[in-house]
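Reviewing the structure listed below.
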Amino acid sequence: MNVAFQVRLLFVVLILSLFYLPLLHMFSKAFVFEDQISLHWFKELLRDESFWSALGISLVAALVSSFLSVFLSLVSVLYFQTRRTPMLDRIMALAMTFPEIILALSSLSLFVLVKIPLSLVTVVIGHTTLTMAFAYFILSIQVRRLDPALLEAALDLGASQKEVRGEILLPWLKTSIISSFALCFLLSFDDFLISYFVSGVGQDTLPIKLFSMLKMGISPTINALSVLILLFTLISFFICYPLLRNLNRSGAQTGNREMEVR
Amino acid sequence: MKFKALNGSFKEINWGLLGLTWLVLFFVLPLLYAAVLAFLSRGTYGGLEWKLTLSAFEKLIKPQYVWILSKTFVLAFVTALSCTFVGAWAAWFVVSRKEKWRHFWLVLLTLPFLINSLIRLYSLKGFVGLEGPLQNLIRMINPEFATLDWTHSGFLMALGLVVTYLPFAIFPLVSAFEKWDNQYFEASLDLGASVLKTFMIVVLPLLKPQLRMTFFIVFIPSLGEFLVPEILGGSQQMYWGQLIAEAFLKWRNWPFGALLGLVLMVFVFLIFQLNSRKPVESSR
């Protein structure tokens with residue numbers, strides 16, 4: 001415990017308190033009703049029918065869109081394999097860093113132009129476009145960690161392309177597929193802006209519901225709702241955390257192997 | 001030809017193009033259409049007229065919009081700069097931990113990335129904003145403290161933006177750091193440089209290219225930020241992202257909204273062109 005360490009630790013603890021103290025504060029307020037600890041606000045929230053419909057819409061949109069994103073990026077990765085794909089990479093990078101509001105406004109204008117009615121379908125399309133790049137980069141980075149010589153060897157030894165995909169690439173990508181699905185799910189479940197632009201009337205997702213509650217004024221039910229969403233996020237994180245960790249470790253190992261080969 | 005054996009038939013690659021097709025249909029085409037939209041004019045009832053005009057441009061050239069644009073740029077710049085510095089500091093801290101603790105700190109610092117940004121902003125508002133515990137604490141020490149100052153000066157918004165985008169900055173910086181040997185930093189500390197000095201003259205220069213990239217990873221999305229000014233900004237403030245949403249959803253003036261988006265797009269493309277030589281993988 002030297003001074004240098006303490007100085008750095010102090011700074012990091014400051015950052016962390018900026019992240020976590022507000023959440024704790026909100027947490028504590030959600031459980032207090034008339035100066036007593038109670039679940040009053042949660043009960044009130046759970047009685048609200050619009051909460052349940054928003055939850056349902058959010059879940060469906062997140063599930064379908066992350067399935068689509070992972071499927072589409074998996075197909076690209078499986079068929080391009082270890083080949084470099086500069087064009088695809090650039091469009092994906094663009095889709096990932098582009099200000100979300102531009103994606104939202106241009107999707108809205110196109111949907112109206114081609115007369116797709118604003119509904120759950122448009123939300124799913126928007127979320128898929130938003131999250132696909134994240135899935136793609138997780139998968140393609142993992143695939144490029146694989147030594148191309150392995151694939152060549154398999155082909156030389158008589159494996160068909162189909163076997164290469166099914167018996168080498170898919171098992172190699174297993175953890176990445178799960179973690180990219182989880183990430184896409186969370187991104188879609190948390191997305192506000194795209195849903196705000198392209199969701200149909202009366203088909204609010206959970207973040208939109210939260211936003212309109214915020215705009216109406218401060219009500220402690222918001223705290224309860226936030227706590228529920230937070231718990232949901234944390235639970236799904238801790239489910240996929242061991243997988244992510246595993247992914248990191250296997251990546252590090254292959255990295256070391258590459259170094260040795262060189 | 002190393003990859004010769006891997007090149008399947010043309011039909012094989014066709015399947016792989018599904019993802020690209022999706023992006024072209026739902027990302028590239030909408031962008032192009034939005035660019036065209038900016039040159040159309042608004043019909044009497046909020047619809048569109050398929051006539052090329054510059055009416056949206058005439059509306060745009062007003063001092064108030066130039067003011068909003070420059071305000072947005074300043075805010076995004078401040079955010080990106082502070083995220084880069086704070087992120088570099090945090091990444092340095094994480095990487096210099098022992099192997100088994102590294103993961104713990106990294107998770108703590110990046111977990112907020114997964115939490116809904118609305119919730120984070122709302123809780124931040126409750127904590128730091130009007131009548132929050134932090135301001136009450138400050139007022140106990142200094143009774144003269146004026147609560148509204150933070151909202152009006154944009155301090156609250158900058159705080160919100162940093163909290164929103166910091167995890168974005170920490171991810172790439174940690175992976176960049178892992179290439180460097182910790183001995184560099186320890187040597188500097190052992191030889192008597194202070195922590196701050198080590199940070200400024202050893203850590204930052206080593207990371208220069210990654211810092212630049214991190215700056216833009218934060219700068220680009222915060223240009224179009226809508227939620228932060230909407231929730232943390234005062235009612236007097238208006239930023240570019242809010243202006244776009246207003247034009248589209250409230251005024252129903254789509255050509256104008258599309259033009260506002262186009263202005264943003266032009267800047268983003270310029271930044272992308274300036275950074276295009278960077279390999280893509282290293283960005284995450």
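Here, A, B, ... name the chains of the structure tokens in the order displayed, residue numbers run from 1 inside each chain, and ligands are numbered from 1 in the same displayed order.
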Based on only C-alpha atoms, which of the residues in chain A come within 6 Å of chain B? I want them as a list in words. Ala4, Pro22, Leu23, Met26, Leu72, Ser73, Val75, Ser76, Tyr79, Pro99, Ile102, Ser106, Ser107, Leu110, Asp190 and Ser226 of chain A
DSSP on the backbone, strand (DSSP E or B) only: what residues of segment 39-109 of chain B does that give? Format it as a compact mmCIF listing (two decimals) with C-alpha atoms, in the first residue's frame.
# COMPACT_ATOMS: atom_id res chain seq x y z
CA SER B 41 -40.39 20.54 -49.01
CA ARG B 42 -43.06 20.20 -46.42
CA LEU B 48 -44.11 15.72 -48.12
CA GLU B 49 -44.01 17.37 -51.51
Please identify all polymer residues within 9 Å of Ser195 of chain A, counting only C-alpha atoms, omitting same-chain residues fewer than 4 positions from it, and present them as a PDB file with N, CA and C atoms, in the first residue's frame.
ATOM      1  N   ALA A 104     -32.384   6.375 -36.119  1.00  0.00           N
ATOM      2  CA  ALA A 104     -33.802   6.410 -35.783  1.00  0.00           C
ATOM      3  C   ALA A 104     -34.586   7.238 -36.788  1.00  0.00           C
ATOM      4  N   THR A 122     -41.521  -2.868 -36.922  1.00  0.00           N
ATOM      5  CA  THR A 122     -40.531  -1.831 -37.209  1.00  0.00           C
ATOM      6  C   THR A 122     -39.537  -1.693 -36.052  1.00  0.00           C
ATOM      7  N   VAL A 123     -40.035  -1.878 -34.829  1.00  0.00           N
ATOM      8  CA  VAL A 123     -39.108  -1.825 -33.686  1.00  0.00           C
ATOM      9  C   VAL A 123     -38.073  -2.932 -33.800  1.00  0.00           C
ATOM     10  N   VAL A 124     -38.546  -4.145 -34.168  1.00  0.00           N
ATOM     11  CA  VAL A 124     -37.616  -5.265 -34.300  1.00  0.00           C
ATOM     12  C   VAL A 124     -36.582  -4.978 -35.390  1.00  0.00           C
ATOM     13  N   GLY A 126     -35.523  -2.063 -36.492  1.00  0.00           N
ATOM     14  CA  GLY A 126     -34.599  -1.037 -36.011  1.00  0.00           C
ATOM     15  C   GLY A 126     -33.591  -1.594 -35.015  1.00  0.00           C
ATOM     16  N   HIS A 127     -34.081  -2.394 -34.078  1.00  0.00           N
ATOM     17  CA  HIS A 127     -33.176  -2.939 -33.068  1.00  0.00           C
ATOM     18  C   HIS A 127     -32.180  -3.906 -33.686  1.00  0.00           C
ATOM     19  N   ASP A 191     -32.808  -0.095 -25.249  1.00  0.00           N
ATOM     20  CA  ASP A 191     -32.825   0.984 -26.227  1.00  0.00           C
ATOM     21  C   ASP A 191     -34.044   1.878 -26.054  1.00  0.00           C
ATOM     22  N   SER A 199     -41.818   3.088 -32.859  1.00  0.00           N
ATOM     23  CA  SER A 199     -42.847   2.208 -32.307  1.00  0.00           C
ATOM     24  C   SER A 199     -44.230   2.761 -32.635  1.00  0.00           C
ATOM     25  N   GLY A 200     -45.196   1.839 -32.763  1.00  0.00           N
ATOM     26  CA  GLY A 200     -46.542   2.260 -33.114  1.00  0.00           C
ATOM     27  C   GLY A 200     -47.266   2.857 -31.924  1.00  0.00           C
ATOM     28  N   ASP A 204     -45.853   0.907 -26.464  1.00  0.00           N
ATOM     29  CA  ASP A 204     -44.655   1.400 -25.805  1.00  0.00           C
ATOM     30  C   ASP A 204     -43.789   0.254 -25.311  1.00  0.00           C
ATOM     31  N   THR A 205     -42.476   0.416 -25.472  1.00  0.00           N
ATOM     32  CA  THR A 205     -41.562  -0.512 -24.814  1.00  0.00           C
ATOM     33  C   THR A 205     -41.333   0.002 -23.395  1.00  0.00           C
ATOM     34  N   PRO A 207     -38.577   1.110 -21.774  1.00  0.00           N
ATOM     35  CA  PRO A 207     -37.904   2.407 -21.633  1.00  0.00           C
ATOM     36  C   PRO A 207     -38.794   3.589 -22.038  1.00  0.00           C
ATOM     37  N   ILE A 208     -39.653   3.410 -23.039  1.00  0.00           N
ATOM     38  CA  ILE A 208     -40.532   4.512 -23.423  1.00  0.00           C
ATOM     39  C   ILE A 208     -41.516   4.805 -22.303  1.00  0.00           C
TER      40      ILE A 208
END
At a cut-off of 8 Å, using only C-alpha atoms, what residues contact segment 29-41 of chain A? Leave out same-chain residues fewer than 4 positions from it and give the result as a list of chain:residue names.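 Listed by chain and then number, they are A:His25, A:Leu45, A:Pro220, A:Thr221, A:Asn223, A:Ala224, A:Val227.
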Quick check, in Å to one decimal: how far apart do atom CA of Ala169 of chain B and atom CA of Lys174 of chain A lie?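 Atom CA of Lys174 of chain A lies 27.4 Å from atom CA of Ala169 of chain B.
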Can you work out which one of A:Ser188, A:Ser17, A:Thr128, A:Gln81 has the shortest atom-to-atom distance to Leu169 of chain A, counting only C-alpha atoms?
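Between A:Ser188, A:Ser17, A:Thr128, A:Gln81, the residue approaching Leu169 of chain A most closely is A:Gln81.
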| message | Please report the interatomic distance between atom CA of Asp147 of chain A and atom CA of Asp89 of chain A in Å with one decimal. | response |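 Distance between the two atoms: 19.7 Å.
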Worksheet item: Pick from B:Leu137, B:Ala88, B:Leu243, B:Val263: nearest to Val203 of chain B, with only C-alpha atoms counted?
Response: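 For Val203 of chain B, the nearest of the candidates is B:Ala88.
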Find, counting only C-alpha atoms, the residue in B:Asn275, B:Lys100, B:Thr198, B:Leu60 that gets nearest to Ala93 of chain A.
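Comparing B:Asn275, B:Lys100, B:Thr198, B:Leu60 against Ala93 of chain A, the winner is B:Asn275.
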DSSP on the backbone: which residues in segment 132-260 of chain A end up as alpha helix (DSSP H)? Give the answer as JSON, numbers by chain.
{"A": [132, 133, 134, 135, 136, 137, 138, 139, 140, 141, 142, 143, 144, 148, 149, 150, 151, 152, 153, 154, 155, 156, 161, 162, 163, 170, 171, 172, 173, 174, 175, 176, 177, 178, 179, 180, 181, 182, 183, 184, 185, 186, 187, 188, 189, 190, 193, 194, 195, 196, 197, 198, 206, 207, 208, 209, 210, 211, 212, 213, 214, 215, 216, 220, 221, 222, 223, 224, 225, 226, 227, 228, 229, 230, 231, 232, 233, 234, 235, 236, 237, 238, 239, 240, 241, 242, 243, 244, 245, 246, 247, 248, 249, 250, 251, 252, 253, 254, 255, 256, 257, 258, 259, 260]}
